[in-house]
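Trainee: Data: upload_24.cif, mmCIF, C-alpha atoms.
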```
data_query
loop_
_atom_site.label_atom_id
_atom_site.label_comp_id
_atom_site.auth_asym_id
_atom_site.auth_seq_id
_atom_site.Cartn_x
_atom_site.Cartn_y
_atom_site.Cartn_z
CA MET A 1 0.00 0.00 0.00
CA SER A 2 1.35 3.37 -0.98
CA VAL A 3 0.17 6.64 0.56
CA GLN A 4 1.26 9.94 -0.97
CA LEU A 5 0.50 13.36 0.37
CA THR A 6 1.79 15.72 -2.23
CA ASN A 7 0.67 19.09 -3.54
CA ASN A 8 -2.25 18.94 -1.12
CA GLN A 9 -3.52 15.76 -2.72
CA ILE A 10 -3.88 12.35 -1.07
CA LEU A 11 -3.21 9.35 -3.28
CA ILE A 12 -3.47 5.77 -2.08
CA THR A 13 -2.58 2.84 -4.29
CA ASP A 14 -2.41 -0.85 -3.50
CA ALA A 15 0.52 -3.19 -4.07
CA ASP A 16 -0.58 -3.73 -7.66
CA GLY A 17 -0.58 -0.03 -8.33
CA GLN A 18 -4.37 0.15 -8.47
CA LEU A 19 -5.72 3.47 -7.34
CA LYS A 20 -7.75 3.16 -4.14
CA PHE A 21 -8.23 6.78 -3.17
CA ASP A 22 -7.60 10.13 -4.74
CA THR A 23 -8.81 13.44 -3.40
CA ASP A 24 -9.22 14.58 -7.01
CA GLN A 25 -12.03 12.07 -7.42
CA HIS A 26 -15.65 12.84 -6.74
CA MET A 27 -17.00 10.38 -4.20
CA LEU A 28 -20.70 9.78 -3.62
CA PHE A 29 -22.05 10.45 -0.17
CA ALA A 30 -25.47 10.46 1.39
CA PRO A 31 -26.38 13.34 3.69
CA GLU A 32 -29.97 12.20 4.27
CA PHE A 33 -32.02 9.06 4.72
CA HIS A 34 -35.76 8.71 4.11
CA ALA A 35 -37.95 5.78 5.09
CA GLY A 36 -41.67 5.34 4.61
CA SER A 37 -44.52 3.81 2.65
CA ILE A 38 -46.80 4.95 -0.15
CA THR A 39 -50.06 3.21 -0.95
CA ILE A 40 -50.88 3.24 -4.63
CA PRO A 41 -54.63 2.89 -5.20
CA ALA A 42 -56.05 0.48 -7.72
CA ARG A 43 -55.75 1.70 -11.28
CA GLY A 44 -58.06 1.07 -14.20
CA VAL A 45 -60.92 -0.06 -12.02
CA ASP A 46 -63.73 1.44 -14.01
CA ALA A 47 -62.08 2.44 -17.22
CA ARG A 48 -58.95 2.52 -19.22
CA GLU A 49 -56.56 4.91 -17.64
CA ALA A 50 -53.53 6.96 -18.66
CA ILE A 51 -52.18 8.98 -15.80
CA GLU A 52 -49.13 10.61 -14.32
CA VAL A 53 -49.15 11.18 -10.57
CA ILE A 54 -46.52 12.72 -8.34
CA HIS A 55 -46.49 11.47 -4.78
CA PRO A 56 -44.50 13.96 -2.62
CA ILE A 57 -42.24 12.42 0.00
CA ALA A 58 -39.94 14.99 1.59
CA ASP A 59 -37.87 18.10 1.17
CA VAL A 60 -34.21 17.23 0.72
CA ASN A 61 -30.92 19.03 0.99
CA PRO A 62 -30.96 21.41 -1.98
CA LEU A 63 -27.60 20.07 -3.11
CA SER A 64 -28.75 16.46 -3.28
CA ASN A 65 -29.41 15.25 -6.80
CA ARG A 66 -29.21 11.46 -6.76
CA VAL A 67 -31.35 8.71 -5.31
CA PHE A 68 -29.75 5.59 -3.88
CA GLY A 69 -31.69 2.97 -2.02
CA VAL A 70 -34.27 0.24 -2.15
CA PHE A 71 -38.01 -0.31 -2.31
CA ARG A 72 -40.40 -3.16 -1.61
CA ALA A 73 -43.69 -3.70 -3.42
CA THR A 74 -46.46 -5.46 -1.54
CA VAL A 75 -49.57 -6.26 -3.52
CA ASP A 76 -52.76 -6.31 -1.46
CA ALA A 77 -54.70 -8.50 -3.82
CA TYR A 78 -53.85 -10.51 -6.87
CA TRP A 79 -55.88 -9.53 -9.89
CA GLY A 80 -54.06 -11.49 -12.46
CA GLN A 81 -50.93 -9.45 -12.85
CA VAL A 82 -47.53 -10.96 -13.05
CA GLU A 83 -46.19 -11.63 -9.57
CA ALA A 84 -44.79 -8.69 -7.63
CA PRO A 85 -41.28 -8.97 -6.18
CA GLY A 86 -42.61 -10.03 -2.77
CA LEU A 87 -40.57 -9.59 0.35
CA GLY A 88 -37.32 -8.54 -1.27
CA TRP A 89 -35.99 -4.99 -1.27
CA PHE A 90 -34.94 -3.92 -4.75
CA ALA A 91 -32.56 -1.31 -6.09
CA ALA A 92 -34.38 1.99 -6.54
CA GLY A 93 -31.91 3.96 -8.60
CA GLY A 94 -34.07 3.91 -11.72
CA THR A 95 -37.64 3.23 -12.76
CA TYR A 96 -39.47 0.23 -11.33
CA PHE A 97 -41.69 -1.68 -13.76
CA HIS A 98 -44.58 -2.93 -11.64
CA ASN A 99 -47.19 -4.25 -13.96
CA GLY A 100 -47.64 -4.97 -17.62
CA HIS A 101 -49.78 -6.71 -20.15
CA GLY A 102 -49.71 -7.36 -23.84
CA ASN A 103 -52.72 -8.20 -25.93
CA LEU A 104 -52.68 -11.40 -27.88
CA GLN A 105 -53.69 -10.32 -31.31
CA TYR A 106 -54.59 -7.03 -32.89
CA THR A 107 -55.78 -7.89 -36.34
CA ASN A 108 -56.53 -4.32 -37.35
CA ASP A 109 -53.08 -3.00 -36.69
CA PRO A 110 -51.85 -1.34 -39.89
CA TYR A 111 -48.18 -2.05 -39.24
CA TYR A 112 -48.19 -5.49 -37.65
CA PRO A 113 -51.46 -7.10 -38.76
CA GLY A 114 -52.32 -10.21 -36.87
CA SER A 115 -49.64 -9.53 -34.35
CA SER A 116 -49.68 -8.70 -30.68
CA PHE A 117 -48.17 -5.81 -28.81
CA PHE A 118 -47.63 -4.47 -25.34
CA GLU A 119 -50.34 -2.09 -24.27
CA THR A 120 -50.44 -1.78 -20.49
CA CYS A 121 -47.81 -0.96 -17.96
CA SER A 122 -47.16 0.96 -14.77
CA LEU A 123 -43.88 2.62 -13.84
CA TYR A 124 -42.65 4.06 -10.55
CA THR A 125 -39.57 6.18 -10.01
CA PHE A 126 -38.11 7.73 -6.89
CA ARG A 127 -36.57 10.99 -8.01
CA ILE A 128 -35.51 14.42 -6.82
CA GLU A 129 -37.22 17.38 -8.43
CA ALA A 130 -36.71 20.97 -7.28
CA GLY A 131 -35.35 19.97 -3.89
CA LYS A 132 -38.04 17.42 -3.17
CA LEU A 133 -37.92 13.65 -3.04
CA GLU A 134 -40.98 12.24 -4.77
CA LEU A 135 -42.40 9.13 -6.32
CA TYR A 136 -43.28 9.64 -9.96
CA GLU A 137 -46.01 7.29 -11.16
CA GLN A 138 -46.86 6.73 -14.77
CA VAL A 139 -49.61 4.30 -15.74
CA GLN A 140 -51.24 3.33 -18.95
CA ILE A 141 -53.94 0.72 -18.76
CA SER A 142 -55.48 0.30 -22.15
CA GLY A 143 -57.50 -2.26 -23.96
CA VAL A 144 -57.68 -2.97 -27.62
CA ALA A 145 -59.82 -0.39 -29.35
CA SER A 146 -60.97 -2.84 -31.96
CA THR A 147 -62.58 -5.14 -29.44
CA GLY A 148 -63.15 -2.89 -26.47
CA GLN A 149 -62.94 -5.88 -24.22
CA GLU A 150 -59.49 -6.15 -22.84
CA VAL A 151 -59.14 -3.72 -19.98
CA PHE A 152 -56.75 -4.72 -17.27
CA LEU A 153 -56.80 -3.73 -13.66
CA GLN A 154 -53.96 -3.01 -11.33
CA SER A 155 -54.70 -3.76 -7.72
CA GLN A 156 -53.82 -1.48 -4.84
CA PHE A 157 -50.31 -2.01 -3.59
CA THR A 158 -47.81 -0.52 -1.18
CA LEU A 159 -44.34 0.73 -1.94
CA ASP A 160 -42.10 0.78 1.12
CA TYR A 161 -38.92 2.72 0.56
CA ARG A 162 -35.54 3.28 2.15
CA ILE A 163 -33.88 6.06 0.19
CA TRP A 164 -30.59 7.86 0.70
CA THR A 165 -30.48 11.17 -1.14
CA CYS A 166 -26.97 11.73 -2.39
CA ARG A 167 -24.51 13.93 -4.16
CA PHE A 168 -20.89 13.83 -5.17
CA ASP A 169 -17.98 15.67 -3.63
CA VAL A 170 -16.98 18.62 -5.80
CA MET B 171 -5.00 26.47 -3.00
CA ARG B 172 -6.00 23.04 -1.86
CA ARG B 173 -5.45 22.24 1.78
CA ILE B 174 -5.50 19.06 3.86
CA ILE B 175 -6.34 19.45 7.52
CA GLY B 176 -6.41 16.60 9.98
CA GLU B 177 -7.23 17.11 13.62
CA MET B 178 -7.05 14.27 16.08
CA ASP B 179 -7.81 14.12 19.78
CA THR B 180 -4.86 12.16 21.12
CA ALA B 181 -6.87 11.06 24.14
CA THR B 182 -9.56 9.36 22.05
CA ASN B 183 -7.69 8.83 18.80
CA GLN B 184 -10.74 10.29 17.05
CA GLY B 185 -10.55 13.16 14.64
CA THR B 186 -11.57 15.05 11.54
CA LEU B 187 -9.97 15.00 8.12
CA ALA B 188 -10.86 17.52 5.44
CA VAL B 189 -9.52 18.24 1.99
CA PHE B 190 -10.74 21.50 0.52
CA ASP B 191 -9.92 24.53 -1.56
CA SER B 192 -8.84 27.17 0.92
CA THR B 193 -8.39 29.95 -1.60
CA GLY B 194 -9.56 33.19 -0.03
CA MET B 195 -10.71 31.57 3.19
CA SER B 196 -10.00 33.05 6.57
CA GLN B 197 -8.78 30.90 9.43
CA ALA B 198 -12.19 31.20 11.06
CA GLU B 199 -13.86 29.90 7.91
CA MET B 200 -11.44 26.99 7.70
CA ASP B 201 -12.15 26.15 11.32
CA ASP B 202 -15.85 26.31 10.55
CA LEU B 203 -15.47 24.04 7.54
CA LEU B 204 -14.10 21.32 9.78
CA VAL B 205 -17.39 21.15 11.67
CA ASN B 206 -19.79 22.38 9.00
CA PRO B 207 -18.69 21.12 5.57
CA ASP B 208 -22.08 21.62 3.92
CA ALA B 209 -21.68 25.36 4.27
CA TYR B 210 -18.63 25.04 2.01
CA ALA B 211 -19.92 22.31 -0.28
CA ASP B 212 -18.52 23.86 -3.44
CA ARG B 213 -14.95 23.67 -2.15
CA THR B 214 -14.90 20.48 -0.07
CA TYR B 215 -13.26 17.49 -1.76
CA PHE B 216 -13.40 15.11 1.16
CA HIS B 217 -14.66 15.36 4.69
CA SER B 218 -14.69 12.66 7.29
CA ALA B 219 -18.12 13.76 8.55
CA ARG B 220 -19.69 12.71 5.28
CA ASN B 221 -21.47 9.41 4.89
CA TYR B 222 -19.66 7.89 1.93
CA ILE B 223 -21.43 4.90 0.47
CA SER B 224 -19.09 1.94 0.63
CA PHE B 225 -19.13 -1.68 -0.43
CA THR B 226 -17.57 -4.59 1.38
CA ASN B 227 -18.14 -7.46 -0.98
CA LYS B 228 -18.11 -8.02 -4.73
CA VAL B 229 -19.18 -11.25 -6.39
CA VAL B 230 -19.99 -12.38 -9.91
CA VAL B 231 -22.75 -14.94 -10.39
CA ASN B 232 -24.50 -16.62 -13.29
CA VAL B 233 -28.27 -16.98 -13.37
CA THR B 234 -30.39 -18.67 -16.01
CA LEU B 235 -33.85 -17.36 -16.81
CA PRO B 236 -36.11 -20.10 -18.21
CA SER B 237 -37.42 -20.15 -21.75
CA MET B 238 -40.81 -18.67 -22.61
CA SER B 239 -43.50 -19.73 -25.01
CA SER B 240 -46.22 -17.98 -26.99
CA ALA B 241 -48.26 -15.41 -25.05
CA GLN B 242 -46.65 -16.36 -21.75
CA ALA B 243 -46.18 -13.95 -18.86
CA ARG B 244 -44.05 -14.79 -15.86
CA GLY B 245 -43.06 -13.22 -12.57
CA ALA B 246 -40.36 -15.00 -10.65
CA THR B 247 -37.73 -14.25 -8.03
CA TYR B 248 -34.44 -16.10 -8.00
CA ASN B 249 -31.96 -16.49 -5.16
CA ILE B 250 -28.65 -15.80 -6.86
CA TYR B 251 -26.17 -15.40 -3.99
CA ASN B 252 -26.24 -16.20 -0.28
CA HIS B 253 -24.94 -13.10 1.52
CA GLY B 254 -25.78 -14.47 4.98
CA LEU B 255 -25.99 -11.04 6.66
CA GLY B 256 -29.34 -11.51 8.41
CA GLN B 257 -30.38 -8.06 7.14
CA HIS B 258 -31.40 -6.58 3.78
CA PRO B 259 -28.25 -5.10 2.24
CA VAL B 260 -28.49 -2.40 -0.41
CA VAL B 261 -26.77 -3.56 -3.55
CA GLN B 262 -25.42 -2.08 -6.73
CA ALA B 263 -25.13 -4.48 -9.63
CA ARG B 264 -24.60 -4.72 -13.34
CA LEU B 265 -25.14 -7.19 -16.12
CA LEU B 266 -21.84 -8.20 -17.65
CA ASN B 267 -21.34 -8.74 -21.34
CA TYR B 268 -24.99 -8.51 -22.30
CA ASP B 269 -25.24 -7.75 -25.99
CA GLY B 270 -21.71 -6.42 -25.82
CA LYS B 271 -22.47 -4.08 -22.93
CA ASN B 272 -22.24 -3.91 -19.19
CA ILE B 273 -25.59 -2.63 -17.95
CA SER B 274 -26.20 -1.28 -14.47
CA LEU B 275 -29.25 -2.71 -12.73
CA ASN B 276 -31.05 0.30 -11.33
CA GLY B 277 -34.79 -0.13 -10.99
CA SER B 278 -36.14 -2.52 -13.64
CA VAL B 279 -34.06 -3.11 -16.75
CA PRO B 280 -35.56 -4.55 -19.95
CA ILE B 281 -33.64 -7.20 -21.82
CA GLU B 282 -34.59 -9.33 -24.82
CA GLY B 283 -37.17 -6.76 -25.81
CA ASP B 284 -38.85 -6.93 -29.18
CA ALA B 285 -40.33 -4.20 -31.34
CA HIS B 286 -43.79 -4.81 -29.92
CA GLY B 287 -42.81 -4.17 -26.31
CA PHE B 288 -42.50 -7.71 -25.01
CA ALA B 289 -39.39 -7.94 -22.85
CA ARG B 290 -37.93 -9.45 -19.74
CA TRP B 291 -37.70 -6.83 -16.97
CA ILE B 292 -35.17 -7.64 -14.31
CA ALA B 293 -34.39 -6.01 -10.98
CA ILE B 294 -31.76 -6.72 -8.35
CA GLY B 295 -32.51 -6.83 -4.64
CA SER B 296 -32.05 -8.75 -1.43
CA ASP B 297 -33.77 -10.47 1.45
CA THR B 298 -32.15 -11.26 4.78
CA THR B 299 -30.35 -14.27 3.33
CA ASN B 300 -29.94 -13.88 -0.40
CA ILE B 301 -29.32 -11.48 -3.20
CA LEU B 302 -32.39 -11.70 -5.42
CA LEU B 303 -33.10 -11.26 -9.08
CA HIS B 304 -36.71 -10.54 -9.91
CA GLU B 305 -37.97 -11.19 -13.40
CA LYS B 306 -41.18 -9.94 -15.02
CA SER B 307 -41.26 -11.33 -18.50
CA PHE B 308 -43.67 -11.22 -21.38
CA CYS B 309 -43.58 -13.20 -24.58
CA LYS B 310 -45.44 -12.22 -27.70
CA TYR B 311 -48.19 -14.29 -29.28
CA LEU B 312 -46.79 -16.95 -31.61
CA ALA B 313 -43.25 -16.22 -30.47
CA SER B 314 -40.83 -17.70 -27.98
CA LYS B 315 -37.80 -16.75 -25.97
CA PRO B 316 -35.04 -19.27 -25.28
CA ALA B 317 -33.55 -19.65 -21.83
CA ILE B 318 -30.87 -17.08 -21.21
CA THR B 319 -27.92 -17.12 -18.83
CA LEU B 320 -26.95 -13.78 -17.37
CA GLN B 321 -23.68 -12.90 -15.71
CA ILE B 322 -24.22 -10.40 -12.93
CA GLU B 323 -21.68 -8.53 -10.84
CA ILE B 324 -23.03 -7.65 -7.40
CA LEU B 325 -21.61 -5.10 -5.00
CA ILE B 326 -22.94 -5.41 -1.47
CA SER B 327 -22.92 -2.17 0.48
CA ASP B 328 -22.55 -1.41 4.17
CA LEU B 329 -26.08 -0.05 4.16
CA THR B 330 -29.04 -2.21 5.09
CA THR B 331 -32.72 -1.43 5.50
CA GLU B 332 -32.32 -2.29 9.18
CA ASN B 333 -29.17 -0.23 9.67
CA PRO B 334 -29.37 2.83 7.38
CA GLY B 335 -26.33 4.40 9.00
CA GLY B 336 -24.19 1.57 7.72
CA ILE B 337 -21.54 -0.30 9.58
CA SER B 338 -19.65 2.00 11.93
CA PRO B 339 -16.23 2.16 10.36
CA GLY B 340 -14.00 2.49 13.43
CA GLY B 341 -10.26 2.11 13.41
CA PRO B 342 -7.35 4.43 14.10
CA PHE B 343 -7.23 7.98 12.82
CA PHE B 344 -4.59 6.97 10.35
CA LEU B 345 -3.28 3.55 9.42
CA ALA B 346 -0.83 2.68 6.69
CA GLU B 347 0.16 -0.94 6.47
CA ALA B 348 1.56 -3.01 3.66
CA ASP B 349 -1.86 -4.24 2.60
CA ARG B 350 -4.29 -1.77 4.12
CA CYS B 351 -4.78 1.94 4.60
CA GLN B 352 -7.38 3.70 6.73
CA MET B 353 -8.01 7.38 7.22
CA ALA B 354 -10.21 9.35 9.59
CA ASN B 355 -11.11 6.44 11.83
CA GLY B 356 -11.99 4.18 8.93
CA LYS B 357 -14.08 6.71 7.01
CA PHE B 358 -11.87 5.68 4.14
CA ASP B 359 -10.72 2.06 4.16
CA SER B 360 -8.79 0.53 1.29
CA ASP B 361 -10.50 -2.80 1.99
CA LYS B 362 -13.78 -1.28 0.80
CA ALA B 363 -14.98 0.09 -2.52
CA TYR B 364 -16.59 3.50 -3.00
CA ILE B 365 -18.68 5.09 -5.71
CA VAL B 366 -16.58 7.55 -7.66
CA ALA B 367 -17.74 9.66 -10.57
CA ASP B 368 -16.28 8.72 -13.93
CA ASP B 369 -17.28 11.11 -16.68
CA GLY B 370 -15.03 9.45 -19.22
CA PRO B 371 -16.24 7.58 -22.30
CA SER B 372 -16.34 4.11 -20.72
CA PRO B 373 -17.58 4.24 -17.16
CA GLU B 374 -17.73 1.00 -15.24
CA HIS B 375 -21.31 1.64 -14.09
CA ARG B 376 -24.07 3.96 -15.09
CA PHE B 377 -25.54 5.26 -11.87
CA VAL B 378 -29.02 6.62 -12.21
CA GLY B 379 -30.72 8.78 -9.68
CA GLY B 380 -34.09 9.12 -11.33
CA VAL B 381 -36.29 8.23 -14.28
CA THR B 382 -35.05 5.53 -16.66
CA CYS B 383 -38.29 4.56 -18.33
CA LYS B 384 -41.30 6.46 -19.61
CA ILE B 385 -44.53 5.75 -21.37
CA ALA B 386 -45.33 7.66 -24.52
CA LYS B 387 -48.95 8.12 -25.40
CA LYS B 388 -51.26 10.44 -27.14
CA PRO B 389 -52.09 13.09 -24.57
CA GLY B 390 -55.58 12.63 -23.22
CA ASP B 391 -56.23 9.47 -25.15
CA PRO B 392 -56.02 6.40 -22.93
CA LEU B 393 -57.21 4.22 -25.77
CA ALA B 394 -54.09 4.80 -27.76
CA THR B 395 -51.57 2.06 -27.96
CA MET B 396 -48.50 2.69 -25.92
CA GLY B 397 -44.95 3.70 -26.63
CA LEU B 398 -42.27 2.86 -24.11
CA ARG B 399 -38.68 3.90 -23.82
CA TYR B 400 -36.00 2.77 -21.39
CA ASP B 401 -32.78 4.76 -21.27
CA ASN B 402 -30.12 4.67 -18.56
CA GLY B 403 -27.68 6.90 -20.38
CA ASP B 404 -25.85 4.32 -22.45
CA TYR B 405 -28.31 1.49 -22.92
CA PHE B 406 -31.79 1.93 -24.27
CA TYR B 407 -34.77 -0.09 -25.38
CA GLU B 408 -37.79 1.28 -27.12
CA LYS B 409 -41.22 0.12 -28.14
CA THR B 410 -42.75 2.60 -30.51
CA ASP B 411 -46.34 3.64 -30.34
CA LEU B 412 -47.90 1.98 -33.32
CA GLU B 413 -50.53 4.68 -33.66
CA TYR B 414 -47.92 7.31 -34.30
CA THR B 415 -46.66 7.87 -37.78
CA SER B 416 -43.67 9.64 -39.21
CA THR B 417 -45.70 12.85 -39.33
CA ASN B 418 -46.89 12.39 -35.78
CA PRO B 419 -43.79 11.20 -33.98
CA LYS B 420 -43.86 9.54 -30.65
CA GLN B 421 -43.47 11.82 -27.72
CA VAL B 422 -40.71 10.43 -25.59
CA VAL B 423 -38.54 13.23 -24.37
CA PHE B 424 -36.69 13.12 -21.11
CA ASN B 425 -33.23 13.59 -19.80
CA VAL B 426 -31.72 10.72 -17.93
CA ASN B 427 -30.10 11.93 -14.77
CA SER B 428 -27.22 9.53 -14.89
CA ARG B 429 -23.52 9.64 -14.34
CA GLY B 430 -20.71 7.25 -15.10
CA LEU B 431 -19.08 5.59 -12.14
CA ARG B 432 -16.27 3.46 -10.97
CA VAL B 433 -16.70 1.37 -7.86
#
```
Would you encode the structure as structure tokens?
Mentor:
Amino acid sequence: MSVQLTNNQILITDADGQLKFDTDQHMLFAPEFHAGSITIPARGVDAREAIEVIHPIADVNPLSNRVFGVFRATVDAYWGQVEAPGLGWFAAGGTYFHNGHGNLQYTNDPYYPGSSFFETCSLYTFRIEAGKLELYEQVQISGVASTGQEVFLQSQFTLDYRIWTCRFDV
Amino acid sequence: MRRIIGEMDTATNQGTLAVFDSTGMSQAEMDDLLVNPDAYADRTYFHSARNYISFTNKVVVNVTLPSMSSAQARGATYNIYNHGLGQHPVVQARLLNYDGKNISLNGSVPIEGDAHGFARWIAIGSDTTNILLHEKSFCKYLASKPAITLQIEILISDLTTENPGGISPGGPFFLAEADRCQMANGKFDSDKAYIVADDGPSPEHRFVGGVTCKIAKKPGDPLATMGLRYDNGDYFYEKTDLEYTSTNPKQVVFNVNSRGLRV
């Protein structure tokens, strides 16, 4: 292990010469921690639905601009969707795909006649916007216009979260 | 001028280490920075009071997702590594060598997607015993997907849902041994890995702190078929909205808040 303090810089390298620490680097740190739960109501109960909803969580340090953490999705009832992740806590750094459905066959489609395509999904993202931590929900639950029959429901579920709001050293 | 200040209480062997740009600062301001680094955030390069996210274990595992048949949907969770911590660790992971890329697993990541929007969505997580991979997969009518083996690199952090402050680092104020270095009572420890920004052309990870996937639709028309775009900054997957034409392009516009990293 080599430690150099030179020109007001700290450099640490291991025996293989691999850099382990350099004060010129920008390290990620987490000034704040947020824990809680958000209940997402059922979607598409009475009709097809295309919505965007922002669920406010907390004010954060105005310098924080990254989300690091985990979430857990607990489905209250099973209405035919693909299984939720259950008791695990999953990485929350990007958008979580909760629910989806594709129709089997859309014979009137002008581009892919007789084919099937994905038409329903719900997305959830923990993000920081204007100094606030929030959950951004985007849902499209749509049936096939040609038949009017296939409308899919998303049952109520709970998102538990453990989020560190972060930023990098200068 | 950059300055390194270390202050240690010899009675307790505890102290503060700060690296910062002291240009134009008075002594009083430098003293204040030692106890209040956020007030000088734009000039602080390192401060031992900060909660740096660190990782204590790195493993590479292979996991095989089963084949799929026509019009099949599947949700499944796989135990892919026994961490044995008794708590839920927060992990950072990436797919290795998938379609020639290394892809960070933040949120849900689509793989094997087709033009119609049928994909396998995978997410990395943990329970108190195992690292988990969750799969939500959809296969198109009259199509199939073969089994696929994924190679995943997993970094297990000090942070757990039960202990959000992480493992208390501890250790001497400064330690330099042949095979280990610690600074600021273990705030930096060469035995651990840290997340470091890498804005070069080939970052090891793509760390995302926000939206990676959006739905595109005709505003106000829930009957429209759906466009979908995933983008983490260097890997993207898109299902176009079939009701849009070249004169009515799909409306998927967003900036991915991502940054390249080394860990």
Trainee: Applied to this file, what does the PyMOL selection byres ((chain B and resi 336-343) around 6) return in terms of residues, put as a ChimeraX atom specification?
Mentor: /B:184,328-329,333-335,344,353-356
Trainee: Which residues fall under the PyMOL selection byres ((chain B) within 6 of (chain A)) in this file, as an MDAnalysis selection string?
Mentor: chainID B and resid 172:174 212 215 221:223 244:245 276:278 286:287 294:297 311 348:349 365:367 378:383 392:393 395:396
Trainee: Work out how far CA of Pro280 (chain B) is from CA of Ile324 (chain B), in Å to one decimal.
Mentor: 18.0 Å
Trainee: I need the residue set behind the PyMOL selection byres ((chain A and resi 73) around 6) for this file; please write it as a PyMOL selection string.
Mentor: chain A and resi 72+74+158-159
Trainee: Please write out, as lines of an AutoDock Vina configuration file, where the centre of an axis-aligned box around all listed atoms of region 357-371 of chain B lies and how long its edges are, in Å to one decimal, after adding 8 Å on each side.
Mentor:
```
center_x = -13.7
center_y = 4.2
center_z = -7.6
size_x = 25.9
size_y = 29.9
size_z = 45.3
```
Trainee: Can you work out which one of B:His375, B:Arg220, B:Lys384, B:Arg213 has the shortest atom-to-atom distance to Lys357 (chain B), counting only C-alpha atoms?
Mentor: B:Arg220
Trainee: Do you have the CA of Phe308 (chain B)-CA of Phe377 (chain B) distance handy?
Mentor: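 CA of Phe377 (chain B) lies at a distance of 26.3 Å from CA of Phe308 (chain B).
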Trainee: When you draw a straight line from CA of Ala42 (chain A) to CA of Gln154 (chain A), how long is it in Å?
Mentor: 5.4 Å
